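Here is the file work34.cif (mmCIF, C-alpha atoms and all ligand atoms).
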```cif
data_coords
#
loop_
_atom_site.label_atom_id
_atom_site.label_comp_id
_atom_site.auth_asym_id
_atom_site.auth_seq_id
_atom_site.Cartn_x
_atom_site.Cartn_y
_atom_site.Cartn_z
CA MET A 16 -56.63 164.34 108.74
CA ILE A 17 -60.23 164.08 109.98
CA THR A 18 -62.31 161.66 107.88
CA GLU A 19 -65.30 163.77 106.80
CA ARG A 20 -68.46 161.90 105.82
CA SER A 21 -68.84 164.13 102.76
CA HIS A 22 -65.41 163.04 101.51
CA VAL A 23 -66.29 159.38 102.02
CA LEU A 24 -69.52 159.82 100.03
CA VAL A 25 -67.63 161.49 97.19
CA ALA A 26 -65.12 158.59 97.19
CA ILE A 27 -67.95 156.02 97.15
CA GLY A 28 -69.55 157.85 94.21
CA GLU A 29 -66.24 157.73 92.36
CA ALA A 30 -65.85 154.01 93.20
CA ARG A 31 -69.28 153.39 91.57
CA ARG A 32 -68.31 155.30 88.43
CA LEU A 33 -65.02 153.39 88.20
CA VAL A 34 -66.73 150.01 88.49
CA ASN A 35 -69.29 151.00 85.85
CA ARG A 36 -66.40 151.89 83.51
CA VAL A 37 -64.28 148.75 83.91
CA TRP A 38 -66.81 146.00 84.70
CA ASN A 39 -69.38 144.49 82.35
CA GLY A 40 -71.56 143.18 85.20
CA LYS A 41 -70.54 139.55 84.75
CA GLY A 42 -68.37 137.53 87.14
CA SER A 43 -66.41 139.29 89.86
CA VAL A 44 -65.08 142.82 89.51
CA ASP A 45 -61.57 142.87 88.01
CA ILE A 46 -59.86 144.71 90.87
CA HIS A 47 -56.60 144.90 88.88
CA ALA A 48 -58.41 146.77 86.10
CA VAL A 49 -59.81 149.21 88.70
CA ALA A 50 -56.28 149.67 90.10
CA LYS A 51 -54.94 150.44 86.64
CA GLU A 52 -57.60 153.12 86.16
CA LEU A 53 -56.41 154.68 89.42
CA GLY A 54 -52.80 154.78 88.23
CA VAL A 55 -51.46 151.84 90.26
CA GLU A 56 -48.51 150.45 88.33
CA SER A 57 -47.70 147.31 90.28
CA ILE A 58 -49.60 144.91 92.55
CA GLU A 59 -47.45 142.16 94.03
CA ALA A 60 -47.41 139.57 96.80
CA ALA A 61 -44.74 140.02 99.47
CA PRO A 62 -43.69 138.31 102.74
CA LEU A 63 -45.42 140.83 105.04
CA HIS A 64 -46.54 140.84 108.68
CA VAL A 65 -49.45 143.16 107.80
CA ASP A 66 -52.22 142.51 105.24
CA GLY A 67 -50.79 144.99 102.78
CA TYR A 68 -49.90 148.58 102.05
CA LEU A 69 -49.93 151.25 99.42
CA ALA A 70 -46.61 152.77 98.50
CA LYS A 71 -45.46 155.61 96.31
CA SER A 72 -42.00 155.56 94.78
CA GLU A 73 -39.76 158.62 94.66
CA SER A 74 -40.82 159.10 91.07
CA GLY A 75 -44.48 159.14 92.20
CA LYS A 76 -45.47 155.68 90.95
CA LEU A 77 -48.13 153.89 93.01
CA GLY A 78 -47.80 150.25 94.03
CA ILE A 79 -49.72 147.84 96.26
CA ARG A 80 -48.12 144.98 98.18
CA TYR A 81 -50.21 142.25 99.80
CA ARG A 82 -49.36 139.45 102.18
CA ILE A 83 -48.30 136.30 100.38
CA ASP A 84 -49.60 134.07 103.23
CA ASN A 85 -53.19 135.41 103.09
CA SER A 86 -55.97 133.76 101.08
CA HIS A 87 -56.86 134.89 97.57
CA ARG A 88 -60.14 136.39 98.82
CA ARG A 89 -58.47 138.20 101.70
CA ASN A 90 -55.96 139.67 99.27
CA ARG A 91 -58.69 140.89 96.94
CA PHE A 92 -60.15 142.70 99.93
CA THR A 93 -56.71 144.13 100.84
CA ILE A 94 -56.18 145.44 97.30
CA ALA A 95 -59.68 146.99 97.27
CA HIS A 96 -58.95 148.56 100.68
CA GLU A 97 -55.71 150.12 99.42
CA LEU A 98 -57.58 151.47 96.37
CA GLY A 99 -60.04 152.95 98.87
CA HIS A 100 -57.12 154.96 100.32
CA ILE A 101 -56.41 156.39 96.85
CA LEU A 102 -60.08 157.31 96.29
CA LEU A 103 -60.43 158.89 99.74
CA ALA A 104 -57.20 160.91 99.35
CA ALA A 105 -58.49 162.18 95.98
CA ALA A 106 -61.83 163.19 97.56
CA GLN A 107 -59.95 164.97 100.37
CA GLY A 108 -57.64 166.66 97.91
CA VAL A 109 -54.50 165.34 99.65
CA ALA A 110 -51.49 163.53 98.22
CA ILE A 111 -50.71 159.85 98.91
CA PRO A 112 -47.79 159.71 101.37
CA GLU A 113 -44.66 157.89 100.22
CA ARG A 114 -45.19 154.99 102.56
CA CYS A 115 -47.90 154.76 105.16
CA ARG A 116 -48.84 151.44 106.68
CA ASP A 117 -52.26 150.87 108.13
CA PHE A 118 -51.14 150.79 111.76
CA GLU A 119 -50.03 154.40 111.32
CA ARG A 120 -53.46 155.49 110.12
CA ASN A 121 -56.49 156.48 112.17
CA PRO A 122 -59.23 153.88 112.84
CA ALA A 123 -62.08 156.03 111.44
CA GLU A 124 -60.18 156.35 108.18
CA GLU A 125 -59.58 152.59 108.03
CA VAL A 126 -63.33 151.88 108.43
CA ALA A 127 -64.20 154.45 105.76
CA VAL A 128 -61.61 153.07 103.37
CA SER A 129 -62.89 149.49 103.78
CA ARG A 130 -66.39 150.80 103.05
CA ILE A 131 -65.10 152.35 99.80
CA GLY A 132 -63.29 149.08 98.98
CA SER A 133 -66.56 147.14 99.49
CA GLU A 134 -68.20 149.33 96.88
CA LEU A 135 -65.52 148.23 94.41
CA LEU A 136 -65.81 144.50 95.19
CA MET A 137 -69.56 144.24 95.79
CA PRO A 138 -71.24 147.00 93.77
CA GLU A 139 -74.56 148.09 95.24
CA ARG A 140 -76.21 148.56 91.87
CA LYS A 141 -75.72 144.90 90.95
CA LEU A 142 -76.80 143.73 94.43
CA ALA A 143 -79.94 145.90 94.27
CA PHE A 144 -80.79 144.49 90.84
CA GLU A 145 -80.37 140.90 92.06
CA ILE A 146 -82.34 141.44 95.28
CA SER A 147 -85.24 143.02 93.44
CA SER A 148 -85.33 140.11 90.95
CA GLY A 149 -86.94 138.01 93.69
CA ARG A 150 -85.20 134.85 92.44
CA TYR A 151 -83.55 133.96 95.75
CA PRO A 152 -85.64 131.85 98.13
CA SER A 153 -83.90 133.04 101.30
CA ALA A 154 -81.44 135.57 102.70
CA TRP A 155 -78.59 133.07 103.00
CA ASP A 156 -79.24 131.68 99.49
CA PHE A 157 -78.73 135.21 98.24
CA ILE A 158 -75.53 135.65 100.29
CA ARG A 159 -74.04 132.35 99.04
CA VAL A 160 -74.75 133.03 95.37
CA MET A 161 -73.48 136.62 95.58
CA ARG A 162 -70.35 135.80 97.52
CA HIS A 163 -69.31 133.29 94.85
CA ALA A 164 -70.24 135.71 92.08
CA PHE A 165 -68.15 138.49 93.64
CA ASP A 166 -65.37 136.21 94.93
CA VAL A 167 -65.56 137.45 98.53
CA SER A 168 -66.03 135.67 101.85
CA GLU A 169 -69.46 134.81 103.23
CA SER A 170 -68.85 137.16 106.21
CA ALA A 171 -67.85 140.04 103.92
CA MET A 172 -71.00 139.54 101.85
CA ALA A 173 -73.30 139.36 104.91
CA LEU A 174 -71.74 142.48 106.47
CA ARG A 175 -71.99 144.29 103.14
CA MET A 176 -75.80 144.08 103.44
CA LEU A 177 -75.59 146.55 106.34
CA GLU A 178 -73.88 149.11 104.11
CA LEU A 179 -76.44 149.15 101.30
CA TRP A 180 -78.41 152.35 100.87
CA SER A 181 -81.35 150.68 99.11
CA VAL A 182 -81.96 147.88 101.62
CA GLY A 183 -82.92 147.93 105.31
CA THR A 184 -80.98 145.09 106.95
CA VAL A 185 -80.79 143.53 110.41
CA LEU A 186 -77.93 141.24 111.44
CA VAL A 187 -77.70 139.52 114.84
CA ARG A 188 -74.62 137.46 115.71
CA LEU A 189 -74.86 135.03 118.62
CA ASN A 190 -71.94 133.21 120.23
CA VAL A 191 -73.24 129.67 120.44
CA ASP A 192 -70.60 128.21 122.75
CA CYS A 193 -70.85 130.76 125.53
CA ALA A 194 -71.86 129.76 129.05
CA THR A 195 -75.49 130.95 129.23
CA PRO A 196 -78.12 128.40 128.09
CA ALA A 197 -79.57 130.68 125.44
CA GLY A 198 -76.17 131.75 124.12
CA GLY A 199 -75.14 135.39 124.12
CA SER A 200 -73.83 138.07 121.88
CA THR A 201 -70.79 140.27 122.13
CA PHE A 202 -72.14 142.27 119.20
CA PRO A 203 -74.92 144.83 119.14
CA VAL A 204 -77.95 144.02 117.00
CA ASP A 205 -76.64 145.56 113.78
CA VAL A 206 -78.96 147.56 111.54
CA SER A 207 -78.41 149.32 108.21
CA GLN A 208 -76.04 152.23 108.34
CA HIS A 209 -78.49 154.32 106.33
CA LYS A 210 -81.16 154.20 109.04
CA LEU A 211 -83.80 152.93 106.65
CA LEU A 212 -84.93 150.56 109.37
CA ARG A 213 -85.16 150.60 113.17
CA VAL A 214 -85.43 147.52 115.40
CA ALA A 215 -88.41 148.03 117.71
CA GLU A 216 -87.26 145.60 120.43
CA SER A 217 -84.33 145.89 122.82
CA GLY A 218 -81.12 144.16 121.73
CA GLY A 219 -81.19 141.96 124.84
CA THR A 220 -84.74 140.76 124.10
CA VAL A 221 -83.86 139.93 120.50
CA VAL A 222 -80.66 138.06 121.43
CA GLU A 223 -82.40 136.05 124.16
CA ARG A 224 -85.33 135.07 121.92
CA LEU A 225 -83.16 134.07 118.95
CA GLY A 226 -80.84 132.07 121.22
CA ARG A 227 -83.86 130.14 122.50
CA ASP A 228 -85.72 129.75 119.18
CA ARG A 229 -82.74 128.67 117.09
CA HIS A 230 -83.12 125.12 118.44
CA ARG A 231 -86.59 124.90 116.85
CA SER A 232 -86.24 126.72 113.56
CA ARG A 233 -83.85 128.75 111.45
CA LEU A 234 -86.66 131.11 110.48
CA HIS A 235 -87.23 134.07 112.78
CA SER A 236 -88.94 137.42 112.79
CA ILE A 237 -87.81 140.66 114.37
CA ARG A 238 -90.16 143.56 115.12
CA ALA A 239 -88.99 146.59 113.18
CA GLU A 240 -90.11 150.00 111.99
CA LEU A 241 -89.73 151.16 108.41
CA SER A 242 -90.71 154.74 107.53
CA GLY A 243 -93.04 154.93 110.53
CA LYS A 244 -94.71 151.57 109.82
CA MET A 245 -94.30 148.56 112.11
CA LEU A 246 -93.53 145.19 110.54
CA ASP A 247 -92.25 141.73 111.38
CA LEU A 248 -89.01 141.41 109.49
CA LYS A 249 -88.50 137.87 108.19
CA CYS A 250 -84.98 136.67 109.04
CA GLU A 251 -83.01 133.47 108.56
CA GLY A 252 -80.36 131.98 110.83
CA ASN A 253 -77.14 130.28 109.79
CA LEU A 254 -74.75 128.41 112.10
CA ARG A 255 -71.24 129.41 111.08
CA ASN A 256 -67.63 128.70 112.03
CA ILE A 257 -65.78 131.99 112.32
CA PRO A 258 -61.97 132.08 112.50
CA GLY A 259 -60.89 133.56 115.86
CA LYS A 260 -57.58 134.07 117.67
CA ASN A 261 -57.83 130.61 119.26
CA GLY A 262 -59.29 128.65 116.35
CA LEU A 263 -62.82 128.49 115.01
CA VAL A 264 -65.71 130.01 116.98
CA ARG A 265 -69.29 128.86 116.39
CA GLN A 266 -71.70 131.70 115.80
CA TYR A 267 -75.34 131.83 114.77
CA TRP A 268 -75.89 134.71 112.33
CA VAL A 269 -79.48 135.86 111.85
CA LEU A 270 -79.97 138.00 108.78
CA GLY A 271 -82.98 139.65 107.19
CA TRP A 272 -83.78 142.70 105.09
CA ILE A 273 -86.48 144.65 103.39
CA ILE A 274 -85.93 146.53 100.16
CA SER A 275 -86.82 150.13 99.46
CA GLU A 276 -88.49 149.93 96.03
CA ARG A 277 -88.01 153.67 95.52
CA ARG A 278 -84.28 153.57 96.26
CA ILE A 279 -83.72 150.41 94.17
CA ALA A 280 -85.50 152.01 91.20
CA GLU A 281 -83.26 155.05 91.61
CA LEU A 282 -80.11 152.91 91.62
CA CYS A 283 -81.10 150.67 88.70
CA ARG A 284 -82.17 153.57 86.48
ZN ZN A 301 -55.75 151.08 105.34
#
```
Is it possible to give me this structure as structure tokens?
Ligand SMILES: [Zn+2]
Amino acid sequence: MITERSHVLVAIGEARRLVNRVWNGKGSVDIHAVAKELGVESIEAAPLHVDGYLAKSESGKLGIRYRIDNSHRRNRFTIAHELGHILLAAAQGVAIPERCRDFERNPAEEVAVSRIGSELLMPERKLAFEISSGRYPSAWDFIRVMRHAFDVSESAMALRMLELWSVGTVLVRLNVDCATPAGGSTFPVDVSQHKLLRVAESGGTVVERLGRDRHRSRLHSIRAELSGKMLDLKCEGNLRNIPGKNGLVRQYWVLGWIISERRIAELCR
């Protein structure tokens, strides 16, 4: 089935309502309580080769299995992802198949479902409230506090910033160990999915400058346009070790955002 944007938005809206019902805003979201609300009867670890799957028994009971060898945080993400499948199927008006593993699904659907799962684990309303409080001295301070609060990985939290509707975010990821002196990037310069913000420089220019400047300072600025106005977006760099196929890879992640007061007020109402 084609993954329609309108269905994804309906599923995200439902994810927000669910979280508001089961979560009191303190600590991390109880993903098992969310699963219960969605009619999932069992969530168990299993010796799997995949991260997990959603299954329906002959009697129609829903269950989630996750990989016993994966970390606790990874498994929280897997469970939230599988719940995303339930929410998307409901928005599409289709039944959950008896057993459908992720490698049998289409990639667009997998991305959409992870997006819905992120809404469950890292609710935008809480993030918007915290950002607008102004109590975090820097972008990466905010990411570290929030990732512990929500019990997710630092990467998941940083990437989540690109999904928020109320915040215009830029994320640049540089491979530090690559051959060129300035370092390079295999990623595009990522900007918010909601097009609140546009980077006003070419990706190549930004990557080259950040690769050069990172030796002097972790504080950077990127020329951007917000609602027709030009601004220098304040960003902060963070040297990180990212697990890759052949061990850890060193990357320099530069992250910055600007909030939309109007959208935040709308969310926190
Ligand atoms: Zn999936």
Residues within 7 Å of ligand ZN 301 (chain A) should be enumerated using only C-alpha atoms and all ligand atoms and returned as a ChimeraX atom specification. /A:96-97,100,117,120,125,128
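Distance check against Leu179 (chain A) using all atoms listed in the file: of A:Ala104, A:Leu263, A:Val206, A:Val37, the minimum falls on A:Val206.
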Near Phe165 (chain A), counting all atoms listed in the file, which residues have an atom at most 10 Å away, once you skip same-chain residues fewer than 3 positions from it, shown as a PDB file with C-alpha atoms, keeping the file's coordinate frame?
```pdb
ATOM      1  CA  LYS A  41     -70.540 139.550  84.750  1.00  0.00           C
ATOM      2  CA  GLY A  42     -68.370 137.530  87.140  1.00  0.00           C
ATOM      3  CA  SER A  43     -66.410 139.290  89.860  1.00  0.00           C
ATOM      4  CA  VAL A  44     -65.080 142.820  89.510  1.00  0.00           C
ATOM      5  CA  ASP A  45     -61.570 142.870  88.010  1.00  0.00           C
ATOM      6  CA  ARG A  88     -60.140 136.390  98.820  1.00  0.00           C
ATOM      7  CA  LEU A 136     -65.810 144.500  95.190  1.00  0.00           C
ATOM      8  CA  MET A 137     -69.560 144.240  95.790  1.00  0.00           C
ATOM      9  CA  PRO A 138     -71.240 147.000  93.770  1.00  0.00           C
ATOM     10  CA  VAL A 160     -74.750 133.030  95.370  1.00  0.00           C
ATOM     11  CA  MET A 161     -73.480 136.620  95.580  1.00  0.00           C
ATOM     12  CA  ARG A 162     -70.350 135.800  97.520  1.00  0.00           C
ATOM     13  CA  SER A 168     -66.030 135.670 101.850  1.00  0.00           C
ATOM     14  CA  MET A 172     -71.000 139.540 101.850  1.00  0.00           C
TER      15      MET A 172
END
```
Work out how far CA of Arg229 (chain A) is from CA of Gly252 (chain A), in Å to one decimal. 7.5 Å
Spatial sel., origin (-73.0, 153.1, 94.2), limit 6 Å, all atoms listed in the file, listed as a ChimeraX atom specification: /A:28,31,139
Any chance you can output those residues with C-alpha atoms as a PDB file, keeping the file's coordinate frame?
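Everything below was put into result-v8.pdb:
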```
ATOM      1  CA  GLY A  28     -69.550 157.850  94.210  1.00  0.00           C
ATOM      2  CA  ARG A  31     -69.280 153.390  91.570  1.00  0.00           C
ATOM      3  CA  GLU A 139     -74.560 148.090  95.240  1.00  0.00           C
TER       4      GLU A 139
END
```
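Between Leu270 (chain A) and the candidates A:Ser242, A:Ser232, A:Thr184, A:Ser72, the tightest atom-to-atom separation, counting all atoms listed in the file, involves A:Thr184.
As for CA of Ala60 (chain A) and CA of Asn90 (chain A), they are spaced 8.9 Å apart.
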Show me, as JSON, the centre and edge lengths in Å to one decimal of the axis-aligned box that covers every listed atom of region 21-26 of chain A with 3 Å on each side.
```
{"center_x": -67.3, "center_y": 161.4, "center_z": 100.0, "size_x": 10.4, "size_y": 11.5, "size_z": 11.6}
```
From the structure just shown, export region 58-73 of chain A with C-alpha atoms as a compact mmCIF listing (two decimals), in the first residue's frame.
```txt
# COMPACT_ATOMS: atom_id res chain seq x y z
CA ILE A 58 5.95 -7.77 24.37
CA GLU A 59 8.85 -10.19 24.71
CA ALA A 60 12.54 -10.55 23.94
CA ALA A 61 13.46 -13.30 21.47
CA PRO A 62 16.64 -14.62 19.77
CA LEU A 63 16.06 -12.81 16.44
CA HIS A 64 18.23 -11.85 13.47
CA VAL A 65 16.09 -8.74 12.88
CA ASP A 66 15.40 -5.91 15.37
CA GLY A 67 11.85 -7.03 15.95
CA TYR A 68 8.42 -7.61 14.48
CA LEU A 69 4.75 -7.26 15.10
CA ALA A 70 2.68 -10.41 14.96
CA LYS A 71 -0.99 -11.24 15.11
CA SER A 72 -2.13 -14.62 16.36
CA GLU A 73 -4.89 -16.61 14.69
```
